[in-house]
Every structure is written in structure tokens, then in C-alpha cells.
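**Student:** Coordinates in entry-v8.csv, CSV, C-alpha atoms, are listed below.
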```
chain,number,residue,atom,x,y,z
A,1,MET,CA,-83.3,1.3,79.1
A,2,LEU,CA,-81.4,-1.2,76.9
A,3,VAL,CA,-83.8,-0.6,74.0
A,4,ALA,CA,-83.2,3.2,74.1
A,5,ALA,CA,-79.4,2.7,74.5
A,6,VAL,CA,-79.2,0.3,71.5
A,7,ALA,CA,-81.3,2.7,69.4
A,8,THR,CA,-79.1,5.6,70.4
A,9,GLY,CA,-76.0,3.7,69.4
A,10,VAL,CA,-77.4,2.7,66.0
A,11,LEU,CA,-78.5,6.3,65.3
A,12,ALA,CA,-75.2,7.7,66.5
A,13,GLY,CA,-73.4,5.4,64.0
A,14,LEU,CA,-75.7,6.6,61.2
A,15,CYS,CA,-75.1,10.3,62.2
A,16,PHE,CA,-71.4,9.7,62.0
A,17,HIS,CA,-71.6,8.7,58.3
A,18,GLN,CA,-74.6,10.8,57.4
A,19,PRO,CA,-74.7,14.0,59.5
A,20,ARG,CA,-78.3,15.0,58.6
A,21,ILE,CA,-80.4,17.3,60.7
A,22,TYR,CA,-83.2,14.8,61.3
A,23,LEU,CA,-80.8,12.0,62.3
A,24,ILE,CA,-79.0,14.3,64.7
A,25,LEU,CA,-82.3,15.4,66.3
A,26,TRP,CA,-83.6,11.8,66.6
A,27,THR,CA,-80.3,10.6,68.0
A,28,SER,CA,-80.5,13.3,70.6
A,29,ALA,CA,-84.1,12.3,71.4
A,30,THR,CA,-83.3,8.6,71.9
A,31,PHE,CA,-80.3,9.6,74.1
A,32,GLY,CA,-82.7,11.6,76.2
A,33,LEU,CA,-85.1,8.7,76.5
A,34,ALA,CA,-82.2,6.5,77.6
A,35,VAL,CA,-81.3,9.0,80.3
A,36,ALA,CA,-84.9,9.2,81.4
A,37,LEU,CA,-85.2,5.5,81.6
A,38,ALA,CA,-82.1,5.3,83.8
A,39,ALA,CA,-83.6,8.0,86.1
A,40,GLN,CA,-86.9,6.1,86.2
A,41,SER,CA,-85.1,2.9,87.3
A,42,MET,CA,-83.3,4.8,90.1
A,43,GLY,CA,-86.5,6.6,91.2
A,44,PHE,CA,-88.6,3.4,91.3
A,45,ALA,CA,-85.9,1.6,93.2
A,46,SER,CA,-84.9,4.2,95.8
A,47,GLY,CA,-87.3,7.1,95.4
A,48,PHE,CA,-87.3,10.2,93.2
A,49,GLY,CA,-85.7,13.5,94.0
A,50,LEU,CA,-85.1,16.8,92.3
A,51,ALA,CA,-82.4,15.5,90.0
A,52,THR,CA,-84.1,12.4,88.9
A,53,PHE,CA,-87.4,14.2,88.5
A,54,ARG,CA,-85.9,16.7,86.0
A,55,ALA,CA,-83.9,13.9,84.3
A,56,VAL,CA,-87.2,12.2,83.7
A,57,GLN,CA,-89.4,15.2,82.7
A,58,LEU,CA,-87.1,17.3,80.4
A,59,PRO,CA,-86.1,14.5,78.0
A,60,THR,CA,-89.5,12.8,77.8
A,61,GLU,CA,-91.9,15.7,77.8
A,62,LEU,CA,-89.8,18.5,76.3
A,63,PHE,CA,-86.9,17.3,74.1
A,64,ALA,CA,-88.2,14.0,72.7
A,65,PRO,CA,-91.6,15.2,71.3
A,66,LEU,CA,-90.3,18.5,70.1
A,67,TRP,CA,-87.1,17.2,68.4
A,68,LEU,CA,-88.8,14.1,66.9
A,69,ALA,CA,-91.5,16.4,65.3
A,70,TRP,CA,-88.8,18.8,64.2
A,71,GLY,CA,-87.0,16.0,62.4
A,72,LEU,CA,-90.2,14.8,60.7
A,73,VAL,CA,-90.7,18.3,59.2
A,74,GLU,CA,-87.1,18.3,58.0
A,75,LEU,CA,-87.6,15.0,56.3
A,76,ALA,CA,-91.1,15.3,54.9
A,77,ALA,CA,-91.5,19.0,54.0
A,78,GLY,CA,-90.6,19.8,50.4
A,79,SER,CA,-90.6,23.5,51.1
A,80,GLU,CA,-87.5,25.2,52.5
A,81,VAL,CA,-89.8,27.8,54.1
A,82,ALA,CA,-91.6,25.2,56.1
A,83,ARG,CA,-88.3,23.7,57.3
A,84,PHE,CA,-86.9,27.1,58.2
A,85,GLY,CA,-90.0,28.0,60.1
A,86,MET,CA,-89.9,24.8,62.1
A,87,ARG,CA,-86.3,25.4,62.9
A,88,LEU,CA,-87.1,28.9,64.3
A,89,ILE,CA,-90.0,27.7,66.4
A,90,SER,CA,-88.4,24.5,67.7
A,91,GLY,CA,-85.1,26.3,68.5
A,92,ALA,CA,-86.9,29.0,70.4
A,93,LEU,CA,-89.1,26.6,72.3
A,94,THR,CA,-86.1,24.4,73.2
A,95,VAL,CA,-84.2,27.3,74.7
A,96,VAL,CA,-87.1,29.0,76.5
A,97,ALA,CA,-88.8,25.9,77.8
A,98,SER,CA,-85.5,24.4,78.9
A,99,VAL,CA,-84.8,27.5,81.0
A,100,ILE,CA,-88.3,27.5,82.5
A,101,LEU,CA,-88.4,23.8,83.4
A,102,ALA,CA,-84.8,23.7,84.7
A,103,THR,CA,-85.2,26.7,87.0
A,104,ASP,CA,-88.8,25.9,88.2
A,105,PRO,CA,-88.7,25.9,92.0
A,106,LEU,CA,-91.3,23.1,92.0
A,107,THR,CA,-94.2,22.7,94.4
A,108,ALA,CA,-94.0,21.5,98.0
A,109,GLN,CA,-95.3,18.1,97.0
A,110,PRO,CA,-92.9,15.4,98.4
A,111,PHE,CA,-91.3,12.8,96.1
A,112,SER,CA,-91.7,9.1,96.6
A,113,LYS,CA,-91.2,5.9,94.7
A,114,SER,CA,-94.3,6.6,92.7
A,115,TRP,CA,-94.2,8.2,89.3
A,116,PRO,CA,-93.4,12.0,89.7
A,117,SER,CA,-96.2,13.6,87.7
A,118,ALA,CA,-95.5,16.9,86.1
A,119,SER,CA,-98.9,18.2,87.1
A,120,ALA,CA,-98.1,17.6,90.8
A,121,HIS,CA,-94.6,19.1,90.9
A,122,PHE,CA,-94.2,21.8,88.3
A,123,GLN,CA,-95.4,25.4,88.7
A,124,PRO,CA,-98.2,26.7,86.3
A,125,ILE,CA,-95.7,28.5,84.0
A,126,SER,CA,-93.9,25.2,83.4
A,127,HIS,CA,-97.2,23.6,82.4
A,128,TYR,CA,-97.8,26.4,79.9
A,129,ALA,CA,-94.4,25.7,78.4
A,130,LEU,CA,-95.0,22.0,78.1
A,131,ASP,CA,-98.5,22.7,76.6
A,132,ALA,CA,-96.9,24.9,73.9
A,133,VAL,CA,-94.2,22.3,73.1
A,134,GLN,CA,-96.6,19.4,72.8
A,135,VAL,CA,-99.1,21.4,70.8
A,136,VAL,CA,-96.4,22.3,68.3
A,137,ALA,CA,-95.2,18.7,68.3
A,138,VAL,CA,-98.7,17.4,67.4
A,139,VAL,CA,-99.2,20.0,64.7
A,140,ALA,CA,-95.8,19.2,63.3
A,141,VAL,CA,-96.6,15.5,63.1
A,142,LEU,CA,-99.9,16.1,61.4
A,143,ALA,CA,-98.3,18.5,58.9
A,144,SER,CA,-95.5,16.0,58.2
A,145,VAL,CA,-98.1,13.3,57.5
A,146,ALA,CA,-99.8,15.7,55.2
A,147,PHE,CA,-96.6,16.6,53.4
A,148,ALA,CA,-95.8,12.9,53.0
A,149,VAL,CA,-99.3,12.3,51.5
A,150,VAL,CA,-99.0,15.2,49.1
A,151,ARG,CA,-95.4,14.2,48.0
A,152,ARG,CA,-96.1,10.5,47.9
A,153,ASP,CA,-95.2,10.4,44.2
A,154,SER,CA,-91.7,11.9,44.8
A,155,LEU,CA,-91.0,10.3,48.2
A,156,PRO,CA,-89.8,6.7,48.1
A,157,ARG,CA,-92.2,4.2,49.7
A,158,PRO,CA,-89.8,3.2,52.5
A,159,GLU,CA,-89.4,6.8,53.5
A,160,LEU,CA,-93.2,7.2,53.6
A,161,THR,CA,-93.6,4.2,55.8
A,162,GLY,CA,-90.8,5.4,58.1
A,163,ILE,CA,-92.5,8.7,58.8
A,164,PHE,CA,-95.5,7.1,60.6
A,165,PRO,CA,-93.6,5.2,63.3
A,166,VAL,CA,-91.7,8.3,64.3
A,167,GLY,CA,-95.0,10.2,64.5
A,168,LEU,CA,-96.4,7.5,66.8
A,169,ALA,CA,-93.2,7.9,68.9
A,170,VAL,CA,-94.1,11.6,69.4
A,171,LEU,CA,-97.5,10.6,70.7
A,172,ALA,CA,-96.0,8.0,73.0
A,173,THR,CA,-93.8,10.6,74.6
A,174,ILE,CA,-96.7,13.0,75.0
A,175,GLY,CA,-98.6,10.1,76.7
A,176,LEU,CA,-96.1,10.2,79.5
A,177,ARG,CA,-97.7,13.3,80.8
A,178,LEU,CA,-101.0,11.5,81.4
A,179,GLU,CA,-101.9,9.8,84.7
A,180,TRP,CA,-101.7,6.0,84.3
A,181,PRO,CA,-102.9,3.6,86.9
A,182,ASP,CA,-99.9,1.3,86.7
A,183,ARG,CA,-96.4,2.9,87.0
A,184,SER,CA,-95.0,0.3,84.6
A,185,ALA,CA,-96.8,2.1,81.8
A,186,TYR,CA,-94.2,5.0,81.9
A,187,PRO,CA,-91.1,3.0,81.2
A,188,LEU,CA,-93.0,0.9,78.6
A,189,LEU,CA,-94.1,4.1,76.8
A,190,SER,CA,-90.5,5.4,76.9
A,191,MET,CA,-89.1,2.1,75.4
A,192,LEU,CA,-91.9,2.0,72.8
A,193,ALA,CA,-91.0,5.5,71.7
A,194,ALA,CA,-87.3,4.5,71.3
A,195,ALA,CA,-88.2,1.3,69.4
A,196,LEU,CA,-90.5,3.2,67.0
A,197,ILE,CA,-87.8,5.7,66.3
A,198,TRP,CA,-85.3,2.9,65.5
A,199,PHE,CA,-87.8,1.1,63.3
A,200,GLY,CA,-88.7,4.3,61.4
A,201,VAL,CA,-85.1,5.1,60.8
A,202,THR,CA,-84.4,1.6,59.5
A,203,ARG,CA,-87.2,2.1,57.0
A,204,ILE,CA,-86.1,5.5,55.9
A,205,GLN,CA,-82.5,4.3,55.4
A,206,ARG,CA,-83.7,1.8,52.8
A,207,ALA,CA,-85.1,4.6,50.6
A,208,PRO,CA,-83.2,6.2,47.8
A,209,ASP,CA,-81.9,9.7,48.3
A,210,GLN,CA,-84.5,11.9,46.6
A,211,VAL,CA,-85.7,14.4,49.1
A,212,ARG,CA,-83.2,16.8,48.7
A,213,GLY,CA,-66.3,21.3,40.3
A,214,SER,CA,-64.0,22.0,37.7
A,215,GLY,CA,-62.4,18.5,38.0
A,216,ALA,CA,-65.7,16.9,37.2
A,217,ALA,CA,-66.7,19.2,34.4
A,218,GLU,CA,-65.4,17.0,31.7
A,219,GLY,CA,-67.3,14.0,33.1
A,220,LEU,CA,-70.5,16.0,33.5
A,221,LEU,CA,-70.3,17.0,29.8
A,222,ARG,CA,-69.7,13.4,28.8
A,223,ALA,CA,-73.1,12.6,30.4
A,224,ALA,CA,-74.7,14.2,27.5
A,225,GLU,CA,-73.0,12.1,24.9
A,226,PRO,CA,-75.2,9.9,22.7
A,227,ARG,CA,-76.2,6.5,23.9
A,228,VAL,CA,-76.5,4.0,21.1
A,229,PRO,CA,-79.0,1.1,21.7
A,230,ALA,CA,-78.0,-2.4,20.8
A,231,GLU,CA,-81.2,-3.0,18.7
A,232,PRO,CA,-81.5,-1.5,15.2
A,233,ARG,CA,-81.2,2.2,15.6
A,234,VAL,CA,-83.8,4.8,14.8
A,235,PRO,CA,-82.5,8.4,14.4
A,236,ALA,CA,-83.0,10.2,17.7
A,237,GLU,CA,-85.0,13.1,16.4
A,238,PRO,CA,-87.9,11.0,14.9
A,239,ARG,CA,-87.8,8.9,18.0
A,240,LEU,CA,-88.4,11.9,20.2
A,241,LYS,CA,-91.2,13.1,18.0
A,242,ALA,CA,-92.8,9.7,18.1
A,243,ALA,CA,-92.4,9.5,21.9
A,244,GLY,CA,-93.8,13.0,22.3
A,245,ALA,CA,-96.8,12.3,20.1
A,246,PRO,CA,-100.2,11.4,21.7
A,247,ALA,CA,-99.9,7.8,22.9
A,248,ALA,CA,-100.7,5.6,25.8
A,249,ALA,CA,-99.3,6.8,29.1
A,250,PRO,CA,-96.6,4.0,29.5
A,251,GLY,CA,-94.9,5.2,26.2
A,252,LYS,CA,-94.6,8.9,27.1
A,253,PRO,CA,-91.2,10.4,28.1
A,254,TYR,CA,-90.6,11.0,31.7
A,255,GLY,CA,-88.3,13.7,33.0
A,256,ARG,CA,-87.2,15.2,36.3
A,257,ILE,CA,-85.0,17.9,37.8
A,258,LEU,CA,-83.0,17.2,41.0
A,259,ILE,CA,-81.5,20.1,42.9
A,260,PHE,CA,-78.8,19.0,45.4
A,261,THR,CA,-77.5,21.4,48.0
A,262,LEU,CA,-74.1,19.9,49.1
A,263,LEU,CA,-72.1,20.0,52.3
A,264,GLU,CA,-69.2,22.4,51.9
A,265,ASP,CA,-66.5,19.9,52.7
A,266,ARG,CA,-68.0,17.2,50.5
A,267,VAL,CA,-68.4,19.0,47.1
A,268,ALA,CA,-65.4,17.3,45.5
A,269,ASP,CA,-66.5,13.8,46.7
A,270,PHE,CA,-70.0,14.4,45.3
A,271,ASP,CA,-68.6,15.5,41.9
A,272,ARG,CA,-66.4,12.5,41.8
A,273,LEU,CA,-69.4,10.2,42.5
A,274,ALA,CA,-71.5,12.0,39.9
A,275,GLU,CA,-68.9,11.7,37.2
A,276,GLN,CA,-68.6,8.0,37.8
A,277,ALA,CA,-72.4,7.5,37.6
A,278,ALA,CA,-72.6,9.8,34.5
A,279,ASP,CA,-70.1,7.6,32.7
A,280,GLN,CA,-72.1,4.5,33.4
A,281,VAL,CA,-75.3,6.1,32.3
A,282,ARG,CA,-73.7,7.3,29.0
A,283,ILE,CA,-72.4,3.8,28.2
A,284,GLY,CA,-75.2,1.5,29.3
A,285,GLU,CA,-78.6,3.3,29.2
A,286,PRO,CA,-80.1,3.7,25.7
A,287,GLY,CA,-83.4,4.6,27.3
A,288,THR,CA,-81.9,7.6,29.0
A,289,LEU,CA,-82.3,10.4,26.5
A,290,VAL,CA,-80.8,13.2,28.5
A,291,TYR,CA,-78.7,13.1,31.6
A,292,VAL,CA,-77.0,16.4,32.2
A,293,ILE,CA,-75.4,17.7,35.5
A,294,HIS,CA,-75.2,21.5,35.8
A,295,LEU,CA,-73.0,23.7,38.0
A,296,VAL,CA,-74.5,26.9,39.4
A,297,PRO,CA,-72.0,29.8,39.2
A,298,ASN,CA,-73.8,31.9,41.8
A,299,ALA,CA,-74.4,28.9,44.1
A,300,PRO,CA,-71.2,26.7,44.2
A,301,LEU,CA,-72.8,24.3,46.7
A,302,GLN,CA,-75.6,23.4,44.3
A,303,ARG,CA,-75.8,20.8,41.5
A,304,ILE,CA,-78.7,20.5,39.2
A,305,PHE,CA,-79.5,17.2,37.4
A,306,TYR,CA,-81.7,17.4,34.3
A,307,GLU,CA,-82.9,13.9,33.2
A,308,VAL,CA,-85.2,12.8,30.4
A,309,TYR,CA,-86.1,9.1,29.9
A,310,ARG,CA,-87.8,7.4,26.9
A,311,ASP,CA,-90.7,6.2,29.1
A,312,PRO,CA,-91.3,5.3,32.8
A,313,ALA,CA,-89.9,1.8,32.2
A,314,ALA,CA,-86.6,3.4,31.1
A,315,PHE,CA,-86.6,5.4,34.3
A,316,ASP,CA,-87.3,2.3,36.4
A,317,SER,CA,-84.4,0.5,34.6
A,318,HIS,CA,-82.1,3.5,35.4
A,319,GLU,CA,-83.0,3.5,39.1
A,320,SER,CA,-82.4,-0.2,39.4
A,321,GLN,CA,-78.9,-0.3,38.0
A,322,PRO,CA,-76.3,-1.3,40.6
A,323,TYR,CA,-74.1,1.7,39.9
A,324,MET,CA,-77.1,4.1,40.4
A,325,GLN,CA,-77.9,2.4,43.7
A,326,ARG,CA,-74.3,2.8,44.8
A,327,PHE,CA,-74.4,6.5,43.8
A,328,VAL,CA,-77.6,7.0,45.7
A,329,ALA,CA,-76.2,5.4,48.8
A,330,ASP,CA,-72.7,7.0,48.6
A,331,ARG,CA,-74.0,10.6,48.0
A,332,ARG,CA,-76.1,10.7,51.1
A,333,SER,CA,-73.1,11.8,53.2
A,334,CYS,CA,-72.4,14.7,50.8
A,335,VAL,CA,-75.9,16.2,50.5
A,336,LEU,CA,-77.5,18.7,52.8
A,337,ALA,CA,-80.9,18.9,51.0
A,338,THR,CA,-82.5,17.6,47.9
A,339,ASN,CA,-85.4,19.0,45.9
A,340,VAL,CA,-87.1,16.9,43.1
A,341,ILE,CA,-89.3,18.3,40.3
A,342,GLU,CA,-91.1,15.9,38.1
A,343,LEU,CA,-91.6,16.8,34.5
A,344,GLY,CA,-94.0,15.9,31.7
A,345,LEU,CA,-92.2,16.4,28.3
A,346,LYS,CA,-94.2,18.4,25.8
A,347,TYR,CA,-91.6,19.6,23.2
A,348,ALA,CA,-87.9,18.9,22.8
A,349,LYS,CA,-85.0,20.0,20.7
A,350,ILE,CA,-81.6,18.4,21.2
A,351,ALA,CA,-78.6,20.2,19.7
A,352,PRO,CA,-74.9,19.5,19.7
A,353,LEU,CA,-73.0,20.8,22.7
A,354,PRO,CA,-70.3,23.4,22.0
A,355,GLY,CA,-66.7,22.7,22.4
A,356,PRO,CA,-64.6,19.7,21.6
A,357,ARG,CA,-66.2,16.9,19.6
A,358,LEU,CA,-68.0,14.3,21.8
A,359,GLN,CA,-67.3,10.9,20.5
A,360,PRO,CA,-70.2,8.4,20.6
A,361,VAL,CA,-69.6,5.0,22.2
A,362,PRO,CA,-70.1,2.0,19.9
A,363,PRO,CA,-72.2,-1.0,21.2
A,364,PRO,CA,-70.3,-3.9,22.6
A,365,GLY,CA,-68.4,-5.8,19.9
A,366,ALA,CA,-68.9,-3.2,17.2
A,367,GLN,CA,-66.2,-1.3,15.3
A,368,TRP,CA,-67.1,2.2,14.3
A,369,PRO,CA,-65.2,4.2,11.6
A,370,ASP,CA,-62.8,6.9,12.8
A,371,ARG,CA,-63.7,9.4,10.1
A,372,PRO,CA,-66.6,11.8,11.2
A,373,SER,CA,-68.1,11.6,7.7
A,374,GLN,CA,-68.7,7.9,8.2
A,375,LEU,CA,-70.4,8.2,11.6
A,376,PRO,CA,-74.0,7.1,11.7
A,377,PRO,CA,-76.7,9.8,11.8
A,378,VAL,CA,-77.2,9.5,15.5
A,379,GLY,CA,-73.5,10.1,16.3
A,380,ARG,CA,-73.3,13.1,13.9
A,381,ARG,CA,-76.6,14.6,15.2
A,382,TYR,CA,-75.5,14.6,18.9
A,383,GLY,CA,-71.7,14.6,18.8
A,384,GLY,CA,-70.9,16.5,15.6
A,385,SER,CA,-69.4,20.0,15.7
```
Kindly return the structure encoded in the file as C-alpha cells.

**Tutor:**
Amino acid sequence: MLVAAVATGVLAGLCFHQPRIYLILWTSATFGLAVALAAQSMGFASGFGLATFRAVQLPTELFAPLWLAWGLVELAAGSEVARFGMRLISGALTVVASVILATDPLTAQPFSKSWPSASAHFQPISHYALDAVQVVAVVAVLASVAFAVVRRDSLPRPELTGIFPVGLAVLATIGLRLEWPDRSAYPLLSMLAAALIWFGVTRIQRAPDQVRGSGAAEGLLRAAEPRVPAEPRVPAEPRLKAAGAPAAAPGKPYGRILIFTLLEDRVADFDRLAEQAADQVRIGEPGTLVYVIHLVPNAPLQRIFYEVYRDPAAFDSHESQPYMQRFVADRRSCVLATNVIELGLKYAKIAPLPGPRLQPVPPPGAQWPDRPSQLPPVGRRYGGS
């Protein structure tokens, strides 16, 4: 019981800071396992009854497997259709099966200090409900693993490795429905499920956040300002052509689009964090060719990041910067969902942005002329009006 209680406390703390659907579902599942373990202790000590029987069966055989599998689909599926379908199915099964199992009159089989098997005490309709729940849970686990394998290039490795322990936790809770010769197997399976959930979440929390306003507009535009490398400069247009020409894979440009759907009350916080990150990218990343953040007039809760990097090594350097790691960690509490689209650059044209002149930033220690006519070619190409 202590294992499940500790796991519940850890997950509840994460939910407070990052109220995501999968974390809420998994926290609820571990809380149910803690309740079930407490009921098991009482039953094994003084005998089971109607209350302790239901307190054991509903959390372990209904809520835990269904909600854990639901959370896996929310985390692993890249399709909003798949997530929405799982929400409909899981929500309906939660309500219907809960009513059936909570109102089941049970059989005349007396309770004892032995494990109260669902097959011995529930009526047939309850068995059908549990069968449906556990079939959906297993299918959802397999689908989540398939989603993770298909999306392995866009999902961070820690997130991938975190999905599998939670999938095993689903199977452990389903195993509580089987007949085991030793009654100690049931609390051990419950504790194993709670430990696997905790381990999976700790792995996922180590992954970067990829899944998934007017005050920041100026900072977003500044993200497109030219970045001047410290080494001898090559005009940007020839560099793009050379990078886009047939060459070895490591030298090809890499691009991606990130679509963030924000929480309604955290839009301003996200824009502030995005502006700070964009300023750092503009100043210190010569390998980042394009870093633009778009507002969506018809979808005020969405932000679209369009990024192009000189090559994969430049992207890796961008991701490893301390300010980007802070941005990834801090934005988690602002984001409801993230979609990532990877791009292969075939052709590019970069033109000046309309509006006020965008001043290039000189490299450290350099003094650039104030007059536009004396600006270097790169500055005039990207920042000129």
C-alpha cells in the first residue's frame, strides 16, 4: 500500500504543475490501487465483505486498466481522431461499467479471508462489462505501442521507454482477475502496477515536450532577424543554395513545424516564454536559419513554430542549449497538445519581413556601422526594407 500511496503523491504533485490528461488519469489509477491495497489488507486480516469486495474489484479491474490504457493513447497517438475516439469509448465504459459493478447484487457465495474472486461473486452481466473493459485496455496498449514505434523519430527516447512500463502495469492489473494459488500474488501485482506507473512517468518527465498574443508579437517577429556567425560570413542566399544542393545527408537542412494548442488561461505565459526563447535563438544560433512563431487568427489558442536548421547538427545544438531546455520544461504547464511535423527542405526563398526595419545583431566585440548603406550583405538581405 505504501508503494501505491507514494506513487499517488508523486503523480498528484506533477498534476498540480502539469495538468495533462494522461497524468490525471494515471494519478487516479494509482489512487485506486492504493484504495484497493488498503481494502485487501483489511480483508485478509478480518475477512472480506460487500464494501471491501467492491473497493478491491472496481479500482483494480475496472478503473486502473481502462484509465492507464486511455492515458497511453493520449500520450502516444499522434492523431487527434484516435485520442478523441479513445475518450468516447473510455468515458462510456467508465460510466456504464461502474453502474453495473456498483449495483450488482452479487451471488450467494459467502466471503472469507481468502481472495474474493470476481468470477465467484459477480453476476454474468458484470463479467461481460469487465471483459469489454479489459479487451479495450489490451487493444489500447497494443495500439499505443504501435503508435510509439511508428512515431519513434518524433517522440523522444525517454518518452518511448516510459510507455512500455505503463503498458505492463495494465497487464498486471488485468492479471488480478486470474486465479492464483497464493493470495499474496494479488497485493504484489497491485504494488507492481503502481511501481511501473511511477517508473514510466519518471521516464516520460525526462523527455522534451514535443508531442503536442499581441504583447509577444514584437518578440516573435524578432525571431526572424538575421543571425550572424562568428566565422567569416558567407552571404545567406548562396549558403542556402549550397545546403540545398545534392550532398551527403549530414549536410542537408533540417526543418520542422510544431503546432501547440495552449491552455486558455496560460496563453500569455506561453507567449512570454516563447519571446524569451526567440530572443536567445536570434542572438546565439548561426545554424538556425529560420525560427518563426505564428499566431493563428481563427484559432487563438494555437501557436505554430516554423523552424529550419542548417543541418541536423545545428538542430542538435539548438535543442541542447540551456535556454531551450528551460523553455521546453516551462512550457509544459501551458500546453494542452503538441503536433510535430518533420520537414525535408527542397527549395527556399527568404525575403525581408514587412514593417519596421529589423536590425541585425553584431557578433560579440564587433562594432557595426549605423548607416544602412554600410551594413554587410547579410544584414541588408534579411533586415533591409

**Student:** Quick one: residues within 12 Å of (-94.7, 4.8, 88.0) (file frame), counting only C-alpha atoms, please, as a ChimeraX atom specification.

**Tutor:** /A:37,39-45,47-48,53,56,111-117,176-190

**Student:** A:Tyr291, A:Trp26, A:Phe84, A:Phe270: which is nearest Pro59 of chain A, counting all atoms listed in the file?

**Tutor:**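 Counting all atoms listed in the file, the residue closest to Pro59 of chain A is A:Trp26.
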
**Student:** Restricting the calculation to only C-alpha atoms, which member of A:Met324, A:Ala146, A:Ala337, A:Ile204 is positioned closest to Phe260 of chain A?

**Tutor:** A:Ala337

**Student:** Atom CA of Met191 of chain A and atom CA of Thr173 of chain A are how many Å apart?

**Tutor:**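 Distance between the two atoms: 9.7 Å.
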
**Student:** Determine the nearest neighbour of Gly284 of chain A from the options A:Ala92, A:Ala314, A:Ala120, A:Val335, counting only C-alpha atoms.

**Tutor:** A:Ala314

**Student:** Determine, counting all atoms listed in the file, which protein, DNA and RNA residues have an atom within 12 Å of an atom of Asp316 of chain A; residues of the same chain fewer than 6 positions away are not included. Present the result as a PDB file with C-alpha atoms, in the frame of the given file.

**Tutor:**
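This is the output file around.pdb:
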```pdb
ATOM      1  CA  PRO A 250     -96.600   4.000  29.500  1.00  0.00           C
ATOM      2  CA  TYR A 254     -90.600  11.000  31.700  1.00  0.00           C
ATOM      3  CA  GLY A 255     -88.300  13.700  33.000  1.00  0.00           C
ATOM      4  CA  GLU A 285     -78.600   3.300  29.200  1.00  0.00           C
ATOM      5  CA  GLY A 287     -83.400   4.600  27.300  1.00  0.00           C
ATOM      6  CA  THR A 288     -81.900   7.600  29.000  1.00  0.00           C
ATOM      7  CA  TYR A 309     -86.100   9.100  29.900  1.00  0.00           C
ATOM      8  CA  ARG A 310     -87.800   7.400  26.900  1.00  0.00           C
ATOM      9  CA  MET A 324     -77.100   4.100  40.400  1.00  0.00           C
ATOM     10  CA  GLN A 325     -77.900   2.400  43.700  1.00  0.00           C
TER      11      GLN A 325
END
```

**Student:** For atom CA of Val166 of chain A and atom CA of Thr8 of chain A, determine how far apart the two atoms are, in Å to one decimal place.

**Tutor:** 14.3 Å

**Student:** I'd like the contact shell of segment 295-301 of chain A - 9 Å cut-off, all atoms listed in the file, skipping same-chain residues fewer than 2 positions apart - returned as a list in words.

**Tutor:** Gly213, Ala217, Phe260, Thr261, Leu262, Leu263, Glu264, Val267, Ile293, Arg303 and Ile304 of chain A

**Student:** What residues have an atom no more than 9 Å from (-88.9, 17.9, 61.1) in the file's own frame, counting only C-alpha atoms, and can you write them as a ChimeraX atom specification?

**Tutor:** /A:21-22,25,67-77,83,86-87,140-141,144

**Student:** When you count all atoms listed in the file, which of these residues is closest to Asp104 of chain A: A:Leu58, A:Glu80, A:Cys15, A:Gly162?

**Tutor:**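 Distance minimum relative to Asp104 of chain A lands on A:Leu58.
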
**Student:** When you draw a straight line from atom CA of Gln321 of chain A to atom CA of Gln276 of chain A, how long is it in Å?

**Tutor:**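 These two atoms are separated by 13.2 Å.
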
**Student:** So which one's closest to Ala12 of chain A, A:Val201, A:Ala329, A:Ala277, A:Val135? Using all atoms listed in the file, please.

**Tutor:**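 Closest residue, counting all atoms listed in the file: A:Val201.
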
**Student:** Which residue is closest to Val35 of chain A? Choose from A:Ala195, A:Ala55, A:Val95, A:Ala64 and count all atoms listed in the file.

**Tutor:** A:Ala55
